[in-house]
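K.L.:
The structure follows.
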Protein chains: 2
Amino acid sequence: MSILAVGTVAFDSIETPFGQAKRVLGGSASYLTLAARYFCPDVRLVGVVGGDFPDSYRQVLADGGVDLEGLVVREDEKTFFWHGRYHYDLNERDTLDTQLNVLQDFEAKIPPSYQDSEIVCLGNLDPKIQRDVLAQIDDPDYVICDTMNFWIENTPDSLRETLRRVDCLVINDAEARELAGEPNLVRAASIIRDMGPKTLIIKKGEHGALLFHGERVFSAPAFPLEDIQDPTGAGDAFAGGLAGHLTREGTFDEDALRRSIIFGSTLASFAVEAFGPDRLTNLTATSITERARAFKELAAIPKLMPVTAA
Amino acid sequence: MSILAVGTVAFDSIETPFGQAKRVLGGSASYLTLAARYFCPDVRLVGVVGGDFPDSYRQVLADGGVDLEGLVVREDEKTFFWHGRYHYDLNERDTLDTQLNVLQDFEAKIPPSYQDSEIVCLGNLDPKIQRDVLAQIDDPDYVICDTMNFWIENTPDSLRETLRRVDCLVINDAEARELAGEPNLVRAASIIRDMGPKTLIIKKGEHGALLFHGERVFSAPAFPLEDIQDPTGAGDAFAGGLAGHLTREGTFDEDALRRSIIFGSTLASFAVEAFGPDRLTNLTATSITERARAFKELAAIPKLMPVTAA
């Protein structure tokens with residue numbers, strides 16, 4: 001199965017209490033494809049960069065086997081730039097600077113060779129652009145979508161229109177509460193799934209993720225890491241590992257989703273171990289398998305005895 | 001095995017977005033014993049109340065089979081009173097009033113019939129009182145301890161002295177970070193375990209709990225509830241279910257702890273379904289078993305295939 005990822009390709013300047021990195025390769029499409037390609041040989045990227053985007057960054061993606069036919073270069077413009085600083089506890093961050101540059105009038109153009117893509121990952125973009133992408137794909141098997149508070153607040157109707165065409169929405173807990181207008185996550189999930197997505201995955205950062213599918217809920221743990229260098233891109237690496245592993249499954253049922261969430265969590269847990277996407281460039285199949293198995297150990301509940309009256 | 005719980009017995013006035021309750025039965029020892037007795041026929045309470053403590057509340061505990069020989073009544077004084085209001089998202093609350101009353105000069109006196117107690121649960125009290133309790137017990141098998149930011153900040157040395165004698169510390173994530181002076185929970189756990197407790201359980205409210213024991217970590221989910229009425233006492237119900245189930249296990253190894261955390265989480269999930277301790281007064285063995293099994297379903301990760309190079 002093939003994966004198409006539409007999203008940002010960026011320069012990120014990142015400060016955390018453990019160091020900093022200047023203008024490293026960033027953006028949702030970068031993290032997503034670099035994670036997905038560990039599971040899937042056919043990962044396609046759609047995005048836009050400026051004339052300042054260096055060959056070396058292009059090469060990082062190409063070396064990973066990511067198909068870059070859909071990466072548009074606008075020679076006279078500049079690449080999207082984000083500058084953020086994380087607080088001491090890493091759950092909070094401040095955006096110090098955002099320069100949209102080429103993203104300002106981004107129109108996703110899907111190359112003809114991408115039109116048969118089977119899993120489509122819609123990165124966090126204007127919901128109108130997300131729909132434009134879907135209109136250019138021939139009947140995808142599975143559509144995974146991300147969004148954020150900006151679109152929830154500013155383009156709610158357009159977002160609803162996109163959500164009607166989404167199979168699996170992947171958002172964080174604050175976004176789920178805001179989108180549903182409901183603080184209880186179980187109720188919020190029900191409200192959101194009525195908007196379209198049969199499947200909802202709620203990312204909770206250091207607390208793991210929740211899957212709502214059919215009548216059941218799955219609670220995936222986060223990996224307890226002693227050394228987190230940089231949380232940037234963890235959510236996109238999660239989505240990439242999820243989508244990538246779903247191509248191995250070939251189906252989108254409960255068990256396939258549970259396993260794929262564990263592999264998504266695995267890729268996210270690696271992503272935060274180094275600045276930028278560095279850690280996603282040098283993983284081995286063995287290290288991924290071992291960590292996924294560690295997740296299973298982490299969550300294992302031994303056989304329970306029935307309770308009898310005390 | 002027997003359980004001794006030392007803690008508060010209180011009047012709670014509670015306001016949540018879903019209703020309110022005035023001067024209901026509260027306190028850590030009440031929730032803890034009412035949860036523990038579903039697993040253990042020999043649950044003993046040590047606490048103090050005033051002359052205003054009604055027979056009907058005493059009867060709630062007695063009907064649950066809780067041994068009240070250690071509940072001191074000071075006829076001329078008033079029972080500890082707490083008044084709190086929860087915010088819309090239930091993770092935040094404001095204390096509107098606290099009247100220590102009889103707690104002001106509380107001295108834990110352990111009745112001779114309690115001295116052979118096997119599991120001792122030290123509720124959140126002055127660390128000095130916690131040590132005084134231990135000094136009156138003949139070599140307990142297992143000591144479980146709670147504490148809070150007040151003691152971490154105001155009596156750090158005394159708290160350290162108590163922790164040296166504790167087998168299992170049960171605190172929330174903010175308390176763990178503060179006690180260790182370290183925001184990363186894995187590092188914090190290691191620092192805290194160096195203070196004495198071989199086993200550390202970190203409660204994360206709606207995000208479940210983490211167990212640090214030996215070289216391993218266990219991540220227990222929280223039960224996704226659609227209808228939470230009142231979070232008061234959830235942590236104490238958790239500790240009660242944990243201690244209670246450990247008496248069924250008879251050992252304190254990794255598997256026993258994992259299972260007992262699931263039963264602790266089960267009791268906590270019931271406790272929040274109604275105001276005050278009401279829900280803990282009418283559970284059945286079957287309902288407890290069924291929910292514990294639902295926890296197992298919630299966290300189940302299907303068999304994973306090894307990753308091969310994509």
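Numbering starts fresh at 1 for the residues of each chain in the structure tokens, the chains themselves are lettered A, B, ... in the order given, and ligands are numbered from 1 as they appear.
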Which neighbours of B:Glu69 fall inside 12 Å, counting only C-alpha atoms, when residues of the same chain fewer than 5 positions from it are skipped, and could you give them as an mmCIF file with N, CA and C atoms, in the first residue's frame?
P.N.:
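And here's part.cif as it stands now:
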```cif
data_model
loop_
_atom_site.group_PDB
_atom_site.id
_atom_site.type_symbol
_atom_site.label_atom_id
_atom_site.label_comp_id
_atom_site.auth_asym_id
_atom_site.auth_seq_id
_atom_site.Cartn_x
_atom_site.Cartn_y
_atom_site.Cartn_z
ATOM 1 N N LEU B 4 -4.629 -1.869 58.305
ATOM 2 C CA LEU B 4 -4.864 -0.736 59.199
ATOM 3 C C LEU B 4 -4.765 0.546 58.393
ATOM 4 N N VAL B 43 -10.531 -4.920 58.088
ATOM 5 C CA VAL B 43 -10.052 -3.565 57.810
ATOM 6 C C VAL B 43 -10.275 -2.697 59.043
ATOM 7 N N ARG B 44 -9.200 -2.114 59.533
ATOM 8 C CA ARG B 44 -9.225 -1.385 60.798
ATOM 9 C C ARG B 44 -8.956 0.099 60.561
ATOM 10 N N LEU B 45 -9.713 0.942 61.246
ATOM 11 C CA LEU B 45 -9.593 2.382 61.025
ATOM 12 C C LEU B 45 -9.075 3.087 62.270
ATOM 13 N N VAL B 46 -8.109 3.992 62.089
ATOM 14 C CA VAL B 46 -7.678 4.876 63.169
ATOM 15 C C VAL B 46 -7.884 6.312 62.715
ATOM 16 N N GLY B 47 -8.654 7.060 63.494
ATOM 17 C CA GLY B 47 -8.934 8.451 63.171
ATOM 18 C C GLY B 47 -9.625 9.108 64.350
ATOM 19 N N VAL B 48 -10.023 10.361 64.147
ATOM 20 C CA VAL B 48 -10.668 11.095 65.235
ATOM 21 C C VAL B 48 -11.798 11.949 64.671
ATOM 22 N N ARG B 58 -21.236 6.885 61.125
ATOM 23 C CA ARG B 58 -20.522 5.789 61.774
ATOM 24 C C ARG B 58 -21.057 4.447 61.267
ATOM 25 N N LEU B 61 -19.797 3.192 57.840
ATOM 26 C CA LEU B 61 -18.509 2.492 57.935
ATOM 27 C C LEU B 61 -18.695 1.114 58.584
ATOM 28 N N ALA B 62 -19.466 1.080 59.640
ATOM 29 C CA ALA B 62 -19.683 -0.188 60.360
ATOM 30 C C ALA B 62 -20.406 -1.201 59.476
ATOM 31 N N LYS B 109 -3.511 7.016 68.270
ATOM 32 C CA LYS B 109 -3.332 5.969 69.293
ATOM 33 C C LYS B 109 -3.835 4.657 68.733
ATOM 34 N N ILE B 110 -2.948 3.709 68.619
ATOM 35 C CA ILE B 110 -3.290 2.425 68.011
ATOM 36 C C ILE B 110 -3.787 1.483 69.103
ATOM 37 N N PRO B 111 -5.029 1.003 69.039
ATOM 38 C CA PRO B 111 -5.533 0.050 70.037
ATOM 39 C C PRO B 111 -4.678 -1.222 70.036
ATOM 40 N N PRO B 112 -4.524 -1.860 71.196
ATOM 41 C CA PRO B 112 -3.711 -3.084 71.266
ATOM 42 C C PRO B 112 -4.143 -4.140 70.244
ATOM 43 N N SER B 113 -5.444 -4.211 69.973
ATOM 44 C CA SER B 113 -5.929 -5.242 69.034
ATOM 45 C C SER B 113 -5.504 -4.951 67.593
ATOM 46 N N TYR B 114 -4.981 -3.771 67.339
ATOM 47 C CA TYR B 114 -4.551 -3.395 65.982
ATOM 48 C C TYR B 114 -3.041 -3.611 65.783
#
```
K.L.:
Could I get the residues of chain A with an atom no further than 9 Å from an atom of chain B, each paired with its nearest atom pair and that distance in Å to one decimal, using only C-alpha atoms, sorted by chain and residue number, as CSV?
P.N.:
```
residue,atom,partner,partner_atom,distance
A:Arg37,CA,B:Ala310,CA,6.7
A:Tyr38,CA,B:Ala310,CA,5.4
A:Phe39,CA,B:Ala310,CA,5.0
A:Cys40,CA,B:Ala310,CA,5.3
A:Pro41,CA,B:Ala310,CA,5.2
A:Asp42,CA,B:Ala310,CA,8.9
A:Tyr88,CA,B:Pro183,CA,7.4
A:Asp89,CA,B:Pro183,CA,5.5
A:Leu90,CA,B:Pro183,CA,8.7
A:Glu182,CA,B:Asp89,CA,8.9
A:Pro183,CA,B:Asp89,CA,5.6
A:Asn184,CA,B:Glu226,CA,6.7
A:Leu185,CA,B:Glu226,CA,7.7
A:Val186,CA,B:Glu226,CA,5.3
A:Arg187,CA,B:Glu226,CA,5.9
A:Lys204,CA,B:His207,CA,8.6
A:His207,CA,B:His207,CA,6.1
A:Gly208,CA,B:His207,CA,8.3
A:Arg216,CA,B:Leu298,CA,7.9
A:Val217,CA,B:Leu298,CA,6.0
A:Phe218,CA,B:Leu298,CA,4.8
A:Ser219,CA,B:Ala299,CA,5.4
A:Ala220,CA,B:Ala299,CA,6.6
A:Pro221,CA,B:Ser219,CA,6.2
A:Ala222,CA,B:Ser219,CA,8.2
A:Phe223,CA,B:Ser219,CA,8.9
A:Pro224,CA,B:Val186,CA,6.2
A:Leu225,CA,B:Val186,CA,6.5
A:Glu226,CA,B:Val186,CA,5.3
A:Asp227,CA,B:Asn184,CA,8.0
A:Ile228,CA,B:Asn184,CA,8.5
A:Asp255,CA,B:Pro302,CA,6.3
A:Ala256,CA,B:Pro302,CA,8.5
A:Arg258,CA,B:Ile301,CA,6.4
A:Arg259,CA,B:Pro302,CA,6.4
A:Ile262,CA,B:Ile301,CA,7.9
A:Thr284,CA,B:Ala309,CA,7.7
A:Ala285,CA,B:Val307,CA,5.3
A:Thr286,CA,B:Val307,CA,7.0
A:Ile288,CA,B:Val307,CA,7.0
A:Thr289,CA,B:Pro306,CA,5.4
A:Glu290,CA,B:Pro306,CA,8.4
A:Ala292,CA,B:Leu304,CA,7.8
A:Arg293,CA,B:Leu304,CA,7.4
A:Phe295,CA,B:Ile301,CA,8.7
A:Lys296,CA,B:Ile301,CA,6.2
A:Glu297,CA,B:Phe218,CA,7.7
A:Leu298,CA,B:Phe218,CA,4.8
A:Ala299,CA,B:Ser219,CA,5.4
A:Ala300,CA,B:Ala300,CA,7.3
A:Ile301,CA,B:Lys296,CA,6.2
A:Pro302,CA,B:Asp255,CA,6.3
A:Lys303,CA,B:Arg259,CA,7.8
A:Leu304,CA,B:Arg259,CA,6.5
A:Met305,CA,B:Thr289,CA,8.0
A:Pro306,CA,B:Thr289,CA,5.3
A:Val307,CA,B:Ala285,CA,5.3
A:Thr308,CA,B:Ala285,CA,5.4
A:Ala309,CA,B:Ala285,CA,5.8
A:Ala310,CA,B:Phe39,CA,5.0
```
K.L.:
Skipping near chain neighbours, those fewer than 5 positions away, what residues fall within 7 Å of A:Gly50 using only C-alpha atoms, listed as a count of residues only?
P.N.:
8
K.L.:
Would you return as a list in words the members of stretch 251-287 of chain B that DSSP assigns to alpha helix (DSSP H) on this structure's backbone?
P.N.:
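Secondary structure check on stretch 251-287 of chain B, alpha helix (DSSP H): Glu254, Asp255, Ala256, Leu257, Arg258, Arg259, Ser260, Ile261, Ile262, Phe263, Gly264, Ser265, Thr266, Leu267, Ala268, Ser269, Phe270, Ala271, Ala285, Thr286 and Ser287 of chain B.
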K.L.:
Save out the residues we just selected, all heavy atoms, as a compact mmCIF listing (two decimals), in the first residue's frame.
P.N.:
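So the final result, stored in result_34.txt, reads:
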```txt
# COMPACT_ATOMS: atom_id res chain seq x y z
N GLU B 254 5.87 -7.92 41.60
CA GLU B 254 5.44 -7.13 40.43
C GLU B 254 4.02 -7.48 39.95
O GLU B 254 3.19 -6.60 39.77
CB GLU B 254 6.46 -7.37 39.31
CG GLU B 254 6.06 -6.87 37.94
CD GLU B 254 6.50 -5.45 37.70
OE1 GLU B 254 7.45 -4.99 38.36
OE2 GLU B 254 5.89 -4.80 36.82
N ASP B 255 3.76 -8.77 39.75
CA ASP B 255 2.43 -9.16 39.25
C ASP B 255 1.33 -8.82 40.26
O ASP B 255 0.26 -8.36 39.88
CB ASP B 255 2.40 -10.66 38.92
CG ASP B 255 2.95 -10.93 37.52
OD1 ASP B 255 3.44 -9.99 36.87
OD2 ASP B 255 2.89 -12.09 37.09
N ALA B 256 1.60 -9.06 41.54
CA ALA B 256 0.62 -8.74 42.57
C ALA B 256 0.33 -7.24 42.58
O ALA B 256 -0.82 -6.81 42.69
CB ALA B 256 1.14 -9.19 43.94
N LEU B 257 1.37 -6.44 42.42
CA LEU B 257 1.20 -4.99 42.41
C LEU B 257 0.43 -4.54 41.16
O LEU B 257 -0.46 -3.70 41.24
CB LEU B 257 2.56 -4.29 42.48
CG LEU B 257 3.24 -4.34 43.86
CD1 LEU B 257 4.73 -4.02 43.75
CD2 LEU B 257 2.57 -3.36 44.83
N ARG B 258 0.77 -5.11 40.00
CA ARG B 258 0.05 -4.72 38.78
C ARG B 258 -1.44 -5.01 38.91
O ARG B 258 -2.29 -4.18 38.61
CB ARG B 258 0.62 -5.46 37.55
CG ARG B 258 1.97 -4.93 37.12
CD ARG B 258 2.38 -5.49 35.75
NE ARG B 258 3.66 -4.93 35.35
CZ ARG B 258 4.05 -4.69 34.09
NH1 ARG B 258 3.27 -5.01 33.08
NH2 ARG B 258 5.22 -4.15 33.82
N ARG B 259 -1.76 -6.24 39.35
CA ARG B 259 -3.17 -6.60 39.50
C ARG B 259 -3.86 -5.71 40.52
O ARG B 259 -4.98 -5.27 40.32
CB ARG B 259 -3.29 -8.06 39.95
CG ARG B 259 -3.22 -9.06 38.81
CD ARG B 259 -3.62 -10.45 39.30
NE ARG B 259 -2.63 -11.02 40.19
CZ ARG B 259 -1.70 -11.88 39.81
NH1 ARG B 259 -1.64 -12.30 38.56
NH2 ARG B 259 -0.83 -12.35 40.66
N SER B 260 -3.17 -5.44 41.62
CA SER B 260 -3.79 -4.67 42.70
C SER B 260 -4.00 -3.21 42.27
O SER B 260 -4.97 -2.57 42.70
CB SER B 260 -2.94 -4.76 43.96
OG SER B 260 -2.86 -6.13 44.37
N ILE B 261 -3.12 -2.69 41.43
CA ILE B 261 -3.33 -1.34 40.90
C ILE B 261 -4.58 -1.30 40.03
O ILE B 261 -5.34 -0.33 40.05
CB ILE B 261 -2.08 -0.89 40.11
CG1 ILE B 261 -0.99 -0.47 41.10
CG2 ILE B 261 -2.41 0.26 39.16
CD1 ILE B 261 0.34 -0.14 40.46
N ILE B 262 -4.81 -2.36 39.27
CA ILE B 262 -6.03 -2.40 38.44
C ILE B 262 -7.28 -2.41 39.34
O ILE B 262 -8.25 -1.71 39.07
CB ILE B 262 -6.01 -3.61 37.48
CG1 ILE B 262 -4.90 -3.43 36.46
CG2 ILE B 262 -7.37 -3.80 36.80
CD1 ILE B 262 -4.97 -2.14 35.64
N PHE B 263 -7.24 -3.16 40.44
CA PHE B 263 -8.39 -3.14 41.35
C PHE B 263 -8.49 -1.81 42.09
O PHE B 263 -9.59 -1.33 42.36
CB PHE B 263 -8.36 -4.35 42.30
CG PHE B 263 -8.82 -5.62 41.64
CD1 PHE B 263 -7.91 -6.56 41.18
CD2 PHE B 263 -10.18 -5.84 41.43
CE1 PHE B 263 -8.35 -7.72 40.54
CE2 PHE B 263 -10.62 -7.00 40.79
CZ PHE B 263 -9.70 -7.93 40.34
N GLY B 264 -7.37 -1.19 42.41
CA GLY B 264 -7.41 0.16 42.97
C GLY B 264 -8.04 1.14 41.99
O GLY B 264 -8.91 1.94 42.35
N SER B 265 -7.63 1.05 40.73
CA SER B 265 -8.19 1.93 39.70
C SER B 265 -9.68 1.67 39.52
O SER B 265 -10.47 2.58 39.26
CB SER B 265 -7.48 1.69 38.37
OG SER B 265 -6.08 1.88 38.51
N THR B 266 -10.07 0.40 39.65
CA THR B 266 -11.48 0.03 39.53
C THR B 266 -12.31 0.71 40.62
O THR B 266 -13.34 1.32 40.34
CB THR B 266 -11.62 -1.51 39.64
OG1 THR B 266 -10.93 -2.10 38.53
CG2 THR B 266 -13.07 -1.94 39.62
N LEU B 267 -11.82 0.62 41.86
CA LEU B 267 -12.56 1.26 42.96
C LEU B 267 -12.60 2.78 42.79
O LEU B 267 -13.63 3.41 43.05
CB LEU B 267 -11.95 0.86 44.31
CG LEU B 267 -12.51 -0.42 44.96
CD1 LEU B 267 -13.90 -0.17 45.53
CD2 LEU B 267 -12.57 -1.60 44.00
N ALA B 268 -11.50 3.37 42.33
CA ALA B 268 -11.48 4.82 42.09
C ALA B 268 -12.49 5.19 41.01
O ALA B 268 -13.18 6.21 41.11
CB ALA B 268 -10.07 5.26 41.69
N SER B 269 -12.59 4.36 39.98
CA SER B 269 -13.51 4.68 38.88
C SER B 269 -14.97 4.62 39.35
O SER B 269 -15.81 5.37 38.86
CB SER B 269 -13.28 3.74 37.69
OG SER B 269 -13.84 2.46 37.91
N PHE B 270 -15.25 3.75 40.29
CA PHE B 270 -16.61 3.73 40.87
C PHE B 270 -16.82 4.94 41.78
O PHE B 270 -17.89 5.56 41.76
CB PHE B 270 -16.83 2.46 41.68
CG PHE B 270 -17.13 1.23 40.85
CD1 PHE B 270 -16.34 0.10 40.94
CD2 PHE B 270 -18.23 1.21 39.99
CE1 PHE B 270 -16.62 -1.03 40.18
CE2 PHE B 270 -18.52 0.08 39.23
CZ PHE B 270 -17.71 -1.04 39.32
N ALA B 271 -15.81 5.27 42.57
CA ALA B 271 -15.98 6.33 43.58
C ALA B 271 -16.45 7.64 42.97
O ALA B 271 -17.26 8.36 43.56
CB ALA B 271 -14.66 6.55 44.34
N ALA B 285 -19.49 -7.86 44.19
CA ALA B 285 -18.28 -8.55 43.73
C ALA B 285 -18.29 -8.67 42.21
O ALA B 285 -17.27 -8.50 41.54
CB ALA B 285 -18.19 -9.92 44.39
N THR B 286 -19.48 -8.91 41.65
CA THR B 286 -19.59 -9.07 40.20
C THR B 286 -19.28 -7.77 39.46
O THR B 286 -18.56 -7.76 38.46
CB THR B 286 -21.03 -9.53 39.83
OG1 THR B 286 -21.32 -10.70 40.59
CG2 THR B 286 -21.14 -9.82 38.35
N SER B 287 -19.82 -6.65 39.96
CA SER B 287 -19.58 -5.37 39.26
C SER B 287 -18.10 -5.00 39.33
O SER B 287 -17.55 -4.45 38.36
CB SER B 287 -20.46 -4.26 39.85
OG SER B 287 -20.17 -4.07 41.22
```
K.L.:
Show me a table, sorted first by chain and then by increasing residue number, of the residues of stretch 67-153 of chain A having an atom at most 12 Å from stretch 234-237 of chain A, each with its shortest atom pair and the distance in Å to one decimal, counting only C-alpha atoms and written as a tab-separated table.
P.N.:
```
residue	atom	partner	partner_atom	distance
A:Asn91	CA	A:Ala234	CA	12.0
A:Cys121	CA	A:Asp236	CA	10.1
A:Leu122	CA	A:Asp236	CA	10.8
A:Gly123	CA	A:Asp236	CA	8.2
A:Asn124	CA	A:Asp236	CA	9.6
A:Ile144	CA	A:Asp236	CA	11.6
A:Cys145	CA	A:Asp236	CA	10.9
A:Asp146	CA	A:Asp236	CA	9.0
A:Thr147	CA	A:Gly235	CA	11.4
A:Met148	CA	A:Gly235	CA	11.8
```
